[in-house]
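File shown: entry.cif (mmCIF, C-alpha atoms).
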data_protein
loop_
_atom_site.group_PDB
_atom_site.id
_atom_site.type_symbol
_atom_site.label_atom_id
_atom_site.label_comp_id
_atom_site.auth_asym_id
_atom_site.auth_seq_id
_atom_site.Cartn_x
_atom_site.Cartn_y
_atom_site.Cartn_z
ATOM 1 C CA MET R 1 121.003 92.241 141.155
ATOM 2 C CA ASP R 2 123.058 94.867 139.353
ATOM 3 C CA LEU R 3 121.666 95.951 135.974
ATOM 4 C CA THR R 4 123.993 98.940 135.600
ATOM 5 C CA THR R 5 126.292 99.237 132.610
ATOM 6 C CA THR R 6 128.831 101.679 131.237
ATOM 7 C CA TYR R 7 128.190 102.833 127.679
ATOM 8 C CA ALA R 8 130.630 105.228 126.003
ATOM 9 C CA GLY R 9 131.683 106.410 129.430
ATOM 10 C CA LEU R 10 128.094 107.028 130.546
ATOM 11 C CA LYS R 11 126.952 105.256 133.694
ATOM 12 C CA LEU R 12 123.529 103.780 132.923
ATOM 13 C CA LYS R 13 121.047 102.160 135.302
ATOM 14 C CA ASN R 14 120.420 99.352 132.791
ATOM 15 C CA PRO R 15 121.343 98.524 129.171
ATOM 16 C CA LEU R 16 118.011 99.451 127.518
ATOM 17 C CA MET R 17 117.257 102.587 125.503
ATOM 18 C CA PRO R 18 115.201 103.556 122.455
ATOM 19 C CA GLY R 19 117.252 103.738 119.270
ATOM 20 C CA ALA R 20 117.315 106.723 116.935
ATOM 21 C CA SER R 21 113.700 107.327 115.942
ATOM 22 C CA PRO R 22 110.819 109.799 116.391
ATOM 23 C CA LEU R 23 110.052 108.189 119.766
ATOM 24 C CA VAL R 24 111.537 111.106 121.709
ATOM 25 C CA ASP R 25 110.683 114.037 119.443
ATOM 26 C CA ASN R 26 108.809 115.696 122.312
ATOM 27 C CA THR R 27 109.279 115.802 126.058
ATOM 28 C CA ASP R 28 106.002 114.066 126.907
ATOM 29 C CA ALA R 29 106.940 111.002 124.860
ATOM 30 C CA ALA R 30 110.444 111.037 126.287
ATOM 31 C CA ARG R 31 109.114 111.144 129.850
ATOM 32 C CA ARG R 32 106.952 108.091 129.175
ATOM 33 C CA ILE R 33 110.025 106.241 127.952
ATOM 34 C CA GLU R 34 112.025 107.288 131.006
ATOM 35 C CA ASP R 35 109.166 106.300 133.333
ATOM 36 C CA ALA R 36 109.038 102.892 131.620
ATOM 37 C CA GLY R 37 112.642 102.282 132.657
ATOM 38 C CA ALA R 38 114.859 103.382 129.758
ATOM 39 C CA ALA R 39 118.413 104.179 130.829
ATOM 40 C CA ALA R 40 118.968 106.810 128.090
ATOM 41 C CA VAL R 41 117.265 108.155 124.988
ATOM 42 C CA VAL R 42 118.608 108.463 121.444
ATOM 43 C CA MET R 43 117.103 111.240 119.356
ATOM 44 C CA HIS R 44 116.202 110.766 115.706
ATOM 45 C CA SER R 45 118.923 111.633 113.211
ATOM 46 C CA LEU R 46 119.540 115.149 111.985
ATOM 47 C CA PHE R 47 120.640 114.801 108.370
ATOM 48 C CA ALA R 48 123.683 116.491 106.873
ATOM 49 C CA GLU R 49 121.475 117.641 104.013
ATOM 50 C CA GLN R 50 119.342 119.635 106.418
ATOM 51 C CA ILE R 51 122.341 121.414 107.883
ATOM 52 C CA GLU R 52 124.158 122.101 104.633
ATOM 53 C CA GLY R 53 121.001 123.214 102.870
ATOM 54 C CA ASN R 54 119.023 122.008 99.896
ATOM 55 C CA GLU R 55 121.469 123.406 97.339
ATOM 56 C CA ILE R 56 124.252 121.021 98.329
ATOM 57 C CA ALA R 57 121.784 118.189 98.783
ATOM 58 C CA PHE R 58 120.313 118.884 95.359
ATOM 59 C CA ALA R 59 123.739 118.859 93.744
ATOM 60 C CA ARG R 60 124.716 115.566 95.354
ATOM 61 C CA HIS R 61 121.522 113.625 94.880
ATOM 62 C CA VAL R 62 119.674 115.103 91.921
ATOM 63 C CA GLU R 63 121.775 117.015 89.416
ATOM 64 C CA ARG R 64 123.660 113.982 88.130
ATOM 65 C CA TRP R 65 120.323 112.494 87.040
ATOM 66 C CA GLN R 66 118.495 115.575 85.793
ATOM 67 C CA ASP R 67 119.316 115.042 82.128
ATOM 68 C CA ASN R 68 117.987 111.501 82.306
ATOM 69 C CA PHE R 69 114.876 111.737 84.458
ATOM 70 C CA ALA R 70 112.551 114.717 84.489
ATOM 71 C CA GLU R 71 111.054 113.573 87.788
ATOM 72 C CA ALA R 72 114.435 113.353 89.551
ATOM 73 C CA THR R 73 113.655 116.313 91.786
ATOM 74 C CA SER R 74 110.964 114.252 93.513
ATOM 75 C CA PHE R 75 113.547 111.771 94.833
ATOM 76 C CA PHE R 76 114.820 114.069 97.547
ATOM 77 C CA PRO R 77 112.759 115.415 100.483
ATOM 78 C CA ALA R 78 112.098 119.112 100.838
ATOM 79 C CA GLN R 79 113.216 120.843 104.027
ATOM 80 C CA ASP R 80 109.627 120.907 105.293
ATOM 81 C CA ASP R 81 109.486 117.103 105.121
ATOM 82 C CA TYR R 82 112.013 116.637 107.937
ATOM 83 C CA SER R 83 110.804 116.181 111.512
ATOM 84 C CA LEU R 84 112.832 119.047 112.971
ATOM 85 C CA PRO R 85 114.983 121.718 111.301
ATOM 86 C CA PRO R 86 118.509 122.180 112.741
ATOM 87 C CA ASN R 87 117.636 125.089 115.052
ATOM 88 C CA GLU R 88 114.634 123.242 116.508
ATOM 89 C CA TYR R 89 116.733 120.097 116.885
ATOM 90 C CA VAL R 90 119.157 121.983 119.120
ATOM 91 C CA GLU R 91 116.250 123.436 121.087
ATOM 92 C CA CYS R 92 114.801 119.948 121.515
ATOM 93 C CA ILE R 93 118.049 118.771 123.100
ATOM 94 C CA GLY R 94 117.750 121.502 125.709
ATOM 95 C CA LYS R 95 114.120 120.665 126.421
ATOM 96 C CA LEU R 96 114.874 116.966 126.799
ATOM 97 C CA LYS R 97 117.785 117.663 129.129
ATOM 98 C CA ALA R 98 115.553 119.846 131.293
ATOM 99 C CA ALA R 99 112.756 117.275 131.392
ATOM 100 C CA LEU R 100 114.688 114.037 131.883
ATOM 101 C CA HIS R 101 117.029 112.553 134.463
ATOM 102 C CA ILE R 102 118.685 110.155 132.020
ATOM 103 C CA PRO R 103 121.323 110.832 129.315
ATOM 104 C CA VAL R 104 120.238 112.335 125.997
ATOM 105 C CA ILE R 105 122.145 111.068 122.957
ATOM 106 C CA ALA R 106 121.880 113.128 119.762
ATOM 107 C CA SER R 107 122.298 111.673 116.266
ATOM 108 C CA LEU R 108 123.829 113.028 113.059
ATOM 109 C CA ASN R 109 123.460 111.300 109.698
ATOM 110 C CA GLY R 110 125.929 112.058 106.911
ATOM 111 C CA THR R 111 127.984 110.471 104.144
ATOM 112 C CA GLN R 112 131.126 112.562 103.747
ATOM 113 C CA LEU R 113 133.083 115.433 105.215
ATOM 114 C CA GLY R 114 131.405 118.810 105.002
ATOM 115 C CA SER R 115 130.390 121.780 107.049
ATOM 116 C CA TRP R 116 127.703 119.702 108.770
ATOM 117 C CA HIS R 117 130.162 117.975 111.080
ATOM 118 C CA THR R 118 130.858 121.257 112.868
ATOM 119 C CA PHE R 119 127.212 121.205 113.937
ATOM 120 C CA ALA R 120 128.347 118.628 116.481
ATOM 121 C CA GLN R 121 129.673 121.533 118.533
ATOM 122 C CA GLN R 122 126.209 123.093 118.712
ATOM 123 C CA ILE R 123 124.817 119.740 119.791
ATOM 124 C CA GLU R 124 127.397 119.564 122.566
ATOM 125 C CA GLN R 125 126.704 123.146 123.643
ATOM 126 C CA ALA R 126 122.974 122.373 123.796
ATOM 127 C CA GLY R 127 123.717 119.783 126.476
ATOM 128 C CA ALA R 128 123.700 116.416 124.696
ATOM 129 C CA ASP R 129 125.457 113.733 126.738
ATOM 130 C CA ALA R 130 126.780 111.915 123.681
ATOM 131 C CA LEU R 131 126.584 111.965 119.893
ATOM 132 C CA GLU R 132 125.800 109.072 117.572
ATOM 133 C CA LEU R 133 127.088 109.324 113.991
ATOM 134 C CA ASN R 134 124.877 107.394 111.594
ATOM 135 C CA THR R 135 127.082 106.672 108.573
ATOM 136 C CA TYR R 136 124.512 105.715 105.967
ATOM 137 C CA PHE R 137 126.130 105.569 102.532
ATOM 138 C CA LEU R 138 125.206 103.514 99.488
ATOM 139 C CA ALA R 139 127.849 103.013 96.818
ATOM 140 C CA THR R 140 126.047 103.068 93.461
ATOM 141 C CA ARG R 141 128.925 104.096 91.148
ATOM 142 C CA ARG R 142 131.514 101.579 90.022
ATOM 143 C CA GLU R 143 134.480 103.900 90.620
ATOM 144 C CA VAL R 144 133.747 104.070 94.367
ATOM 145 C CA THR R 145 135.782 101.477 96.249
ATOM 146 C CA GLY R 146 135.150 99.813 99.566
ATOM 147 C CA THR R 147 138.362 101.305 100.924
ATOM 148 C CA GLU R 148 137.160 104.792 99.998
ATOM 149 C CA ILE R 149 133.884 104.302 101.843
ATOM 150 C CA GLU R 150 135.626 103.076 104.983
ATOM 151 C CA GLN R 151 138.084 105.964 104.819
ATOM 152 C CA ARG R 152 135.201 108.432 104.664
ATOM 153 C CA ILE R 153 133.784 107.000 107.870
ATOM 154 C CA VAL R 154 137.158 107.201 109.586
ATOM 155 C CA GLU R 155 137.653 110.802 108.432
ATOM 156 C CA ILE R 156 134.173 111.847 109.563
ATOM 157 C CA THR R 157 134.802 110.261 112.947
ATOM 158 C CA ARG R 158 138.176 111.998 113.239
ATOM 159 C CA ALA R 159 136.664 115.383 112.360
ATOM 160 C CA VAL R 160 133.783 115.083 114.818
ATOM 161 C CA ARG R 161 135.965 113.624 117.559
ATOM 162 C CA SER R 162 138.287 116.614 117.293
ATOM 163 C CA SER R 163 135.319 119.019 117.451
ATOM 164 C CA VAL R 164 133.657 117.858 120.673
ATOM 165 C CA LYS R 165 134.499 116.466 124.089
ATOM 166 C CA ILE R 166 131.324 114.444 124.627
ATOM 167 C CA PRO R 167 131.363 110.712 123.768
ATOM 168 C CA VAL R 168 131.120 109.926 120.046
ATOM 169 C CA LEU R 169 129.562 106.680 118.801
ATOM 170 C CA VAL R 170 129.545 105.476 115.204
ATOM 171 C CA LYS R 171 126.540 103.612 113.837
ATOM 172 C CA LEU R 172 127.644 101.251 111.082
ATOM 173 C CA SER R 173 125.978 99.159 108.432
ATOM 174 C CA PRO R 174 126.605 95.405 108.297
ATOM 175 C CA TYR R 175 127.994 95.482 104.756
ATOM 176 C CA TYR R 176 131.738 95.787 105.299
ATOM 177 C CA SER R 177 134.036 92.998 104.204
ATOM 178 C CA ALA R 178 136.356 93.355 107.225
ATOM 179 C CA LEU R 179 134.281 94.817 110.065
ATOM 180 C CA PRO R 180 136.854 94.099 112.833
ATOM 181 C CA ASN R 181 139.473 96.082 110.937
ATOM 182 C CA LEU R 182 137.137 99.058 110.501
ATOM 183 C CA ALA R 183 136.137 98.886 114.154
ATOM 184 C CA GLY R 184 139.811 98.935 115.118
ATOM 185 C CA ALA R 185 140.420 101.986 112.935
ATOM 186 C CA LEU R 186 137.537 103.821 114.596
ATOM 187 C CA GLU R 187 138.865 102.910 118.017
ATOM 188 C CA GLN R 188 142.234 104.380 117.026
ATOM 189 C CA GLU R 189 140.434 107.610 116.129
ATOM 190 C CA ARG R 190 139.175 107.700 119.737
ATOM 191 C CA ALA R 191 135.568 106.848 118.982
ATOM 192 C CA ASP R 192 133.859 105.799 122.196
ATOM 193 C CA GLY R 193 131.931 102.939 120.650
ATOM 194 C CA ILE R 194 129.975 101.615 117.700
ATOM 195 C CA VAL R 195 126.323 100.759 117.180
ATOM 196 C CA LEU R 196 125.539 97.559 115.253
ATOM 197 C CA PHE R 197 123.761 98.102 112.903
ATOM 198 C CA ASN R 198 121.775 100.664 110.971
ATOM 199 C CA ARG R 199 119.249 99.321 108.485
ATOM 200 C CA PHE R 200 119.292 100.060 104.764
ATOM 201 C CA PHE R 201 115.681 100.691 103.823
ATOM 202 C CA GLN R 202 115.083 99.081 100.465
ATOM 203 C CA PRO R 203 113.076 100.587 97.597
ATOM 204 C CA GLU R 204 110.055 98.856 96.102
ATOM 205 C CA ILE R 205 109.093 98.613 92.435
ATOM 206 C CA ASP R 206 105.419 99.226 91.694
ATOM 207 C CA VAL R 207 104.595 97.055 88.677
ATOM 208 C CA ASP R 208 101.328 98.935 88.065
ATOM 209 C CA THR R 209 102.648 102.495 88.046
ATOM 210 C CA LEU R 210 106.141 101.499 86.863
ATOM 211 C CA ASP R 211 107.618 103.590 89.609
ATOM 212 C CA VAL R 212 110.227 103.077 92.334
ATOM 213 C CA THR R 213 108.769 103.947 95.716
ATOM 214 C CA PRO R 214 110.187 104.145 99.262
ATOM 215 C CA ARG R 215 109.052 101.489 101.704
ATOM 216 C CA LEU R 216 109.479 101.372 105.451
ATOM 217 C CA ASP R 217 109.403 98.002 107.187
ATOM 218 C CA LEU R 218 110.108 97.620 110.880
ATOM 219 C CA SER R 219 112.769 95.171 111.956
ATOM 220 C CA THR R 220 111.919 91.566 112.718
ATOM 221 C CA HIS R 221 113.319 89.062 115.174
ATOM 222 C CA GLU R 222 115.367 87.526 112.353
ATOM 223 C CA ASP R 223 117.384 90.734 111.982
ATOM 224 C CA LEU R 224 118.993 90.079 115.345
ATOM 225 C CA ARG R 225 121.187 87.174 114.227
ATOM 226 C CA LEU R 226 123.421 89.381 112.111
ATOM 227 C CA ARG R 227 123.966 91.663 115.099
ATOM 228 C CA LEU R 228 124.744 88.784 117.472
ATOM 229 C CA ARG R 229 127.519 87.467 115.260
ATOM 230 C CA ALA R 230 129.135 90.897 114.898
ATOM 231 C CA LEU R 231 128.919 91.588 118.633
ATOM 232 C CA ALA R 232 130.440 88.237 119.509
ATOM 233 C CA VAL R 233 133.284 88.595 117.013
ATOM 234 C CA LEU R 234 134.154 92.153 118.062
ATOM 235 C CA ARG R 235 133.712 91.899 121.831
ATOM 236 C CA ASP R 236 137.204 90.556 122.566
ATOM 237 C CA GLN R 237 138.958 92.580 119.849
ATOM 238 C CA VAL R 238 137.995 96.110 120.894
ATOM 239 C CA LYS R 239 137.864 97.890 124.218
ATOM 240 C CA PHE R 240 135.277 100.549 123.404
ATOM 241 C CA SER R 241 131.530 100.187 123.813
ATOM 242 C CA LEU R 242 129.268 98.061 121.634
ATOM 243 C CA ALA R 243 125.543 98.606 121.216
ATOM 244 C CA CYS R 244 123.058 96.279 119.582
ATOM 245 C CA SER R 245 120.441 97.946 117.370
ATOM 246 C CA GLY R 246 117.906 96.075 115.256
ATOM 247 C CA GLY R 247 115.859 92.939 115.757
ATOM 248 C CA VAL R 248 115.401 93.245 119.532
ATOM 249 C CA HIS R 249 111.746 92.481 120.290
ATOM 250 C CA THR R 250 111.697 90.281 123.415
ATOM 251 C CA TRP R 251 113.514 89.949 126.732
ATOM 252 C CA ALA R 252 115.282 86.891 125.294
ATOM 253 C CA ASP R 253 116.653 89.099 122.494
ATOM 254 C CA VAL R 254 118.040 91.468 125.126
ATOM 255 C CA VAL R 255 119.685 88.546 126.917
ATOM 256 C CA LYS R 256 121.240 87.277 123.692
ATOM 257 C CA ALA R 257 122.658 90.671 122.783
ATOM 258 C CA ILE R 258 124.332 91.055 126.173
ATOM 259 C CA LEU R 259 125.684 87.504 126.160
ATOM 260 C CA ALA R 260 127.205 88.191 122.752
ATOM 261 C CA GLY R 261 128.920 91.310 124.069
ATOM 262 C CA ALA R 262 126.645 94.360 123.978
ATOM 263 C CA ASP R 263 127.094 97.092 126.570
ATOM 264 C CA ALA R 264 123.773 98.644 125.559
ATOM 265 C CA VAL R 265 120.694 97.449 123.681
ATOM 266 C CA GLN R 266 118.598 99.775 121.538
ATOM 267 C CA VAL R 267 114.946 99.046 120.745
ATOM 268 C CA VAL R 268 112.624 100.781 118.304
ATOM 269 C CA ALA R 269 110.189 98.508 116.448
ATOM 270 C CA THR R 270 108.727 96.889 119.564
ATOM 271 C CA LEU R 271 108.199 100.317 121.174
ATOM 272 C CA LEU R 272 106.506 101.669 118.075
ATOM 273 C CA SER R 273 104.162 98.694 117.899
ATOM 274 C CA ARG R 274 103.556 98.080 121.623
ATOM 275 C CA GLY R 275 104.248 101.402 123.316
ATOM 276 C CA PRO R 276 106.994 102.712 125.651
ATOM 277 C CA GLU R 277 105.792 100.503 128.493
ATOM 278 C CA ARG R 278 107.306 97.584 126.597
ATOM 279 C CA ILE R 279 110.661 98.577 128.109
ATOM 280 C CA GLY R 280 109.373 97.544 131.524
ATOM 281 C CA ASP R 281 108.428 94.112 130.181
ATOM 282 C CA LEU R 282 111.902 93.652 128.694
ATOM 283 C CA LEU R 283 113.589 94.623 131.941
ATOM 284 C CA THR R 284 111.398 92.259 133.956
ATOM 285 C CA GLY R 285 112.243 89.398 131.620
ATOM 286 C CA LEU R 286 115.946 90.248 131.807
ATOM 287 C CA ARG R 287 115.902 90.249 135.627
ATOM 288 C CA ASP R 288 113.992 86.957 135.803
ATOM 289 C CA TRP R 289 116.417 85.263 133.413
ATOM 290 C CA MET R 290 119.459 86.539 135.317
ATOM 291 C CA GLU R 291 118.013 85.277 138.599
ATOM 292 C CA GLU R 292 117.209 81.872 137.119
ATOM 293 C CA HIS R 293 120.710 81.519 135.688
ATOM 294 C CA GLU R 294 122.419 82.996 138.770
ATOM 295 C CA TYR R 295 123.942 86.056 137.146
ATOM 296 C CA THR R 296 124.371 88.859 139.654
ATOM 297 C CA SER R 297 125.291 91.663 137.253
ATOM 298 C CA ILE R 298 125.305 92.770 133.621
ATOM 299 C CA ALA R 299 129.094 93.000 133.820
ATOM 300 C CA GLU R 300 129.299 89.307 134.707
ATOM 301 C CA MET R 301 126.943 88.409 131.906
ATOM 302 C CA ARG R 302 128.334 90.619 129.121
ATOM 303 C CA GLY R 303 130.262 88.761 126.448
ATOM 304 C CA SER R 304 130.102 85.381 128.160
ATOM 305 C CA LEU R 305 129.178 83.915 124.779
ATOM 306 C CA SER R 306 131.542 86.026 122.702
ATOM 307 C CA GLN R 307 133.579 84.223 120.089
ATOM 308 C CA LEU R 308 136.553 83.653 122.370
ATOM 309 C CA LYS R 309 134.465 82.650 125.398
ATOM 310 C CA CYS R 310 131.757 80.455 123.924
ATOM 311 C CA PRO R 311 132.201 76.654 123.995
ATOM 312 C CA ASP R 312 132.681 76.503 120.216
ATOM 313 C CA PRO R 313 134.303 79.603 118.649
ATOM 314 C CA GLU R 314 133.836 78.056 115.219
ATOM 315 C CA ALA R 315 130.095 78.626 115.670
ATOM 316 C CA TYR R 316 130.655 82.207 114.535
ATOM 317 C CA GLU R 317 132.779 81.251 111.520
ATOM 318 C CA ARG R 318 132.736 79.043 108.423
ATOM 319 C CA GLY R 319 132.256 75.813 110.331
ATOM 320 C CA ASN R 320 128.797 76.892 111.424
ATOM 321 C CA TYR R 321 127.983 77.808 107.830
ATOM 322 C CA LEU R 322 128.884 74.303 106.708
ATOM 323 C CA ARG R 323 126.879 72.653 109.482
ATOM 324 C CA THR R 324 123.866 74.870 108.901
ATOM 325 C CA LEU R 325 123.632 73.905 105.252
ATOM 326 C CA GLN R 326 123.225 70.281 106.299
ATOM 327 C CA LEU R 327 120.222 70.989 108.519
ATOM 328 C CA TRP R 328 117.601 71.170 105.797
ATOM 329 C CA LYS R 329 115.844 67.873 105.204
ATOM 330 C CA GLU R 330 112.987 67.384 102.762
#
Is it possible to give me this structure as structure tokens?
Amino acid sequence: MDLTTTYAGLKLKNPLMPGASPLVDNTDAARRIEDAGAAAVVMHSLFAEQIEGNEIAFARHVERWQDNFAEATSFFPAQDDYSLPPNEYVECIGKLKAALHIPVIASLNGTQLGSWHTFAQQIEQAGADALELNTYFLATRREVTGTEIEQRIVEITRAVRSSVKIPVLVKLSPYYSALPNLAGALEQERADGIVLFNRFFQPEIDVDTLDVTPRLDLSTHEDLRLRLRALAVLRDQVKFSLACSGGVHTWADVVKAILAGADAVQVVATLLSRGPERIGDLLTGLRDWMEEHEYTSIAEMRGSLSQLKCPDPEAYERGNYLRTLQLWKE
């Protein structure tokens, strides 16, 4: 049985890897994940604000509110709050490369062009095998258009792609009105793949303190459905790699993601809650399912239930929406 896959040009022994998170912030943790069977590791994101410095970050995120809210300066993290400063992040790449036998994928998180994108060169020089661009941007001003946001992502990808030779992957949010078109634009800019999707962490309102507070919730199994649809729709429209990220908790979730069209499957929440050894359980379940259903390789399995290959392509479109609404019975 052949579990190997090709992801952004990287030959991997299987499709499973931890997604961007603190799971591999040190070599001991990373070794446990490799020993459990992971085919690669994705480092947590280094934020553009860290690289550019607090002055730029302050200007972008605080100054426009300072006349309205005296406590606005508390909205943005201080440099000491980040897991690793830029210089230590680069050092960590080198340490991981020396300690592991699997690819190390770095991650940058930014919202617009700036000096931070040139940091990708330092990441490449440190030995990273690939770079994931986490494009996390929230439009909160009415003058910002959807086209402008998409163009920013394309421009960031173009700038980074021209700066490095290692594979470049773009991690997208699910909130684009025409995702296939954006994916096609990124492919034209020579991106090596996209990761579907990042998660927008939602604020909470405290009705006792009358304050807006951050809240971190891990993904649930229900988050996977959104990813499956996007994977299935895109699989036959693009040639570059697709990764599933979010909502993968069981071996069946891994199977679904690959059937929909994923080349790689990222897991975070289940590793945080159950430990790195969970990867071994997922791989065992994947192998057992493939044997039962007579699949001999991941390549044979990948995308066999994409939109164009599934028995009912309408299942991914409006027809399924109409049928679903009729399912509820009192």
(request) Please determine the residues with any atom at most 8 Å from (121.4, 105.8, 102.1) (coordinates as given in the file, with all atoms listed in the file counting) and report them as a PyMOL selection string. (result) chain R and resi 136-138+200-201
(message) On this structure, the PyMOL selection byres ((chain R and resi 310-312) around 12) would catch which residues? List them as a PyMOL selection string, sorted by chain and number.
(response) chain R and resi 229+232-233+235-236+259-261+302-309+313-317+319-320
(message) Evaluated on this file, the PyMOL selection byres ((chain R and resi 38) around 12) picks out some residues - which ones are they, written as a PyMOL selection string?
(response) chain R and resi 3-4+12-19+24+30-37+39-42+100-104+264-268+271+276-283
(request) Pick out the residues sitting within 8 Å of Met43 in chain R, and hand them over as a PyMOL selection string; count all atoms listed in the file, and ignore anything fewer than 4 positions along from it in its own chain. (result) chain R and resi 19-25+104-107
(message) So that I can check the surroundings of range 162-172 of chain R, please list as an NGL selection string every protein, DNA and RNA residue that reaches within 7 Å of it, counting only C-alpha atoms and ignoring chain neighbours fewer than 3 positions away.
(response) :R and (8 or 118 or 120-121 or 124 or 129-135 or 158-159 or 191-198)
(request) Quote the spacing between CA of Leu231 in chain R and CA of Ile258 in chain R in Å to one decimal place. (result) 8.8 Å
(request) Evaluate the PyMOL selection byres ((chain R and resi 139) around 12) on the structure here and hand back the selected residues as a PyMOL selection string. (result) chain R and resi 111+136-138+140-150+175-176
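Atom to atom, CA of Asn109 in chain R and CA of Thr5 in chain R stand 26.0 Å apart.
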(request) Check the smallest atom-to-atom distance from each of R:Arg215, R:Gln188, R:Ser173, R:Met301 to Arg161 in chain R using all atoms listed in the file, then report the winner. (result) R:Gln188
(message) Just to confirm, what's the straight-line distance from CA of Leu186 in chain R to CA of Ala257 in chain R in Å (one decimal)?
(response)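 Going from CA of Leu186 in chain R over to CA of Ala257 in chain R, I get 21.5 Å.
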For range 20-31 of chain R, which lacks atoms in the input, supply N, CA and C atoms and format the output as a PDB file, in the frame of the given file.
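As written to disk, selection.pdb reads:
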ATOM      1  N   ALA R  20     117.633 105.499 117.666  1.00  0.00           N
ATOM      2  CA  ALA R  20     117.315 106.723 116.935  1.00  0.00           C
ATOM      3  C   ALA R  20     115.997 106.560 116.183  1.00  0.00           C
ATOM      4  N   SER R  21     115.041 107.434 116.505  1.00  0.00           N
ATOM      5  CA  SER R  21     113.700 107.327 115.942  1.00  0.00           C
ATOM      6  C   SER R  21     112.891 108.528 116.412  1.00  0.00           C
ATOM      7  N   PRO R  22     111.667 108.689 115.913  1.00  0.00           N
ATOM      8  CA  PRO R  22     110.819 109.799 116.391  1.00  0.00           C
ATOM      9  C   PRO R  22     110.234 109.582 117.783  1.00  0.00           C
ATOM     10  N   LEU R  23     110.649 108.524 118.477  1.00  0.00           N
ATOM     11  CA  LEU R  23     110.052 108.189 119.766  1.00  0.00           C
ATOM     12  C   LEU R  23     110.236 109.270 120.818  1.00  0.00           C
ATOM     13  N   VAL R  24     111.281 110.080 120.686  1.00  0.00           N
ATOM     14  CA  VAL R  24     111.537 111.106 121.709  1.00  0.00           C
ATOM     15  C   VAL R  24     111.560 112.501 121.098  1.00  0.00           C
ATOM     16  N   ASP R  25     110.734 112.724 120.089  1.00  0.00           N
ATOM     17  CA  ASP R  25     110.683 114.037 119.443  1.00  0.00           C
ATOM     18  C   ASP R  25     110.060 115.114 120.328  1.00  0.00           C
ATOM     19  N   ASN R  26     109.364 114.712 121.381  1.00  0.00           N
ATOM     20  CA  ASN R  26     108.809 115.696 122.312  1.00  0.00           C
ATOM     21  C   ASN R  26     109.006 115.204 123.743  1.00  0.00           C
ATOM     22  N   THR R  27     108.952 116.140 124.673  1.00  0.00           N
ATOM     23  CA  THR R  27     109.279 115.802 126.058  1.00  0.00           C
ATOM     24  C   THR R  27     108.268 114.856 126.700  1.00  0.00           C
ATOM     25  N   ASP R  28     107.009 114.956 126.327  1.00  0.00           N
ATOM     26  CA  ASP R  28     106.002 114.066 126.907  1.00  0.00           C
ATOM     27  C   ASP R  28     106.295 112.612 126.557  1.00  0.00           C
ATOM     28  N   ALA R  29     106.606 112.364 125.287  1.00  0.00           N
ATOM     29  CA  ALA R  29     106.940 111.002 124.860  1.00  0.00           C
ATOM     30  C   ALA R  29     108.214 110.523 125.534  1.00  0.00           C
ATOM     31  N   ALA R  30     109.179 111.415 125.657  1.00  0.00           N
ATOM     32  CA  ALA R  30     110.444 111.037 126.287  1.00  0.00           C
ATOM     33  C   ALA R  30     110.249 110.699 127.761  1.00  0.00           C
ATOM     34  N   ARG R  31     109.382 111.453 128.436  1.00  0.00           N
ATOM     35  CA  ARG R  31     109.114 111.144 129.850  1.00  0.00           C
ATOM     36  C   ARG R  31     108.477 109.770 130.011  1.00  0.00           C
TER      37      ARG R  31
END
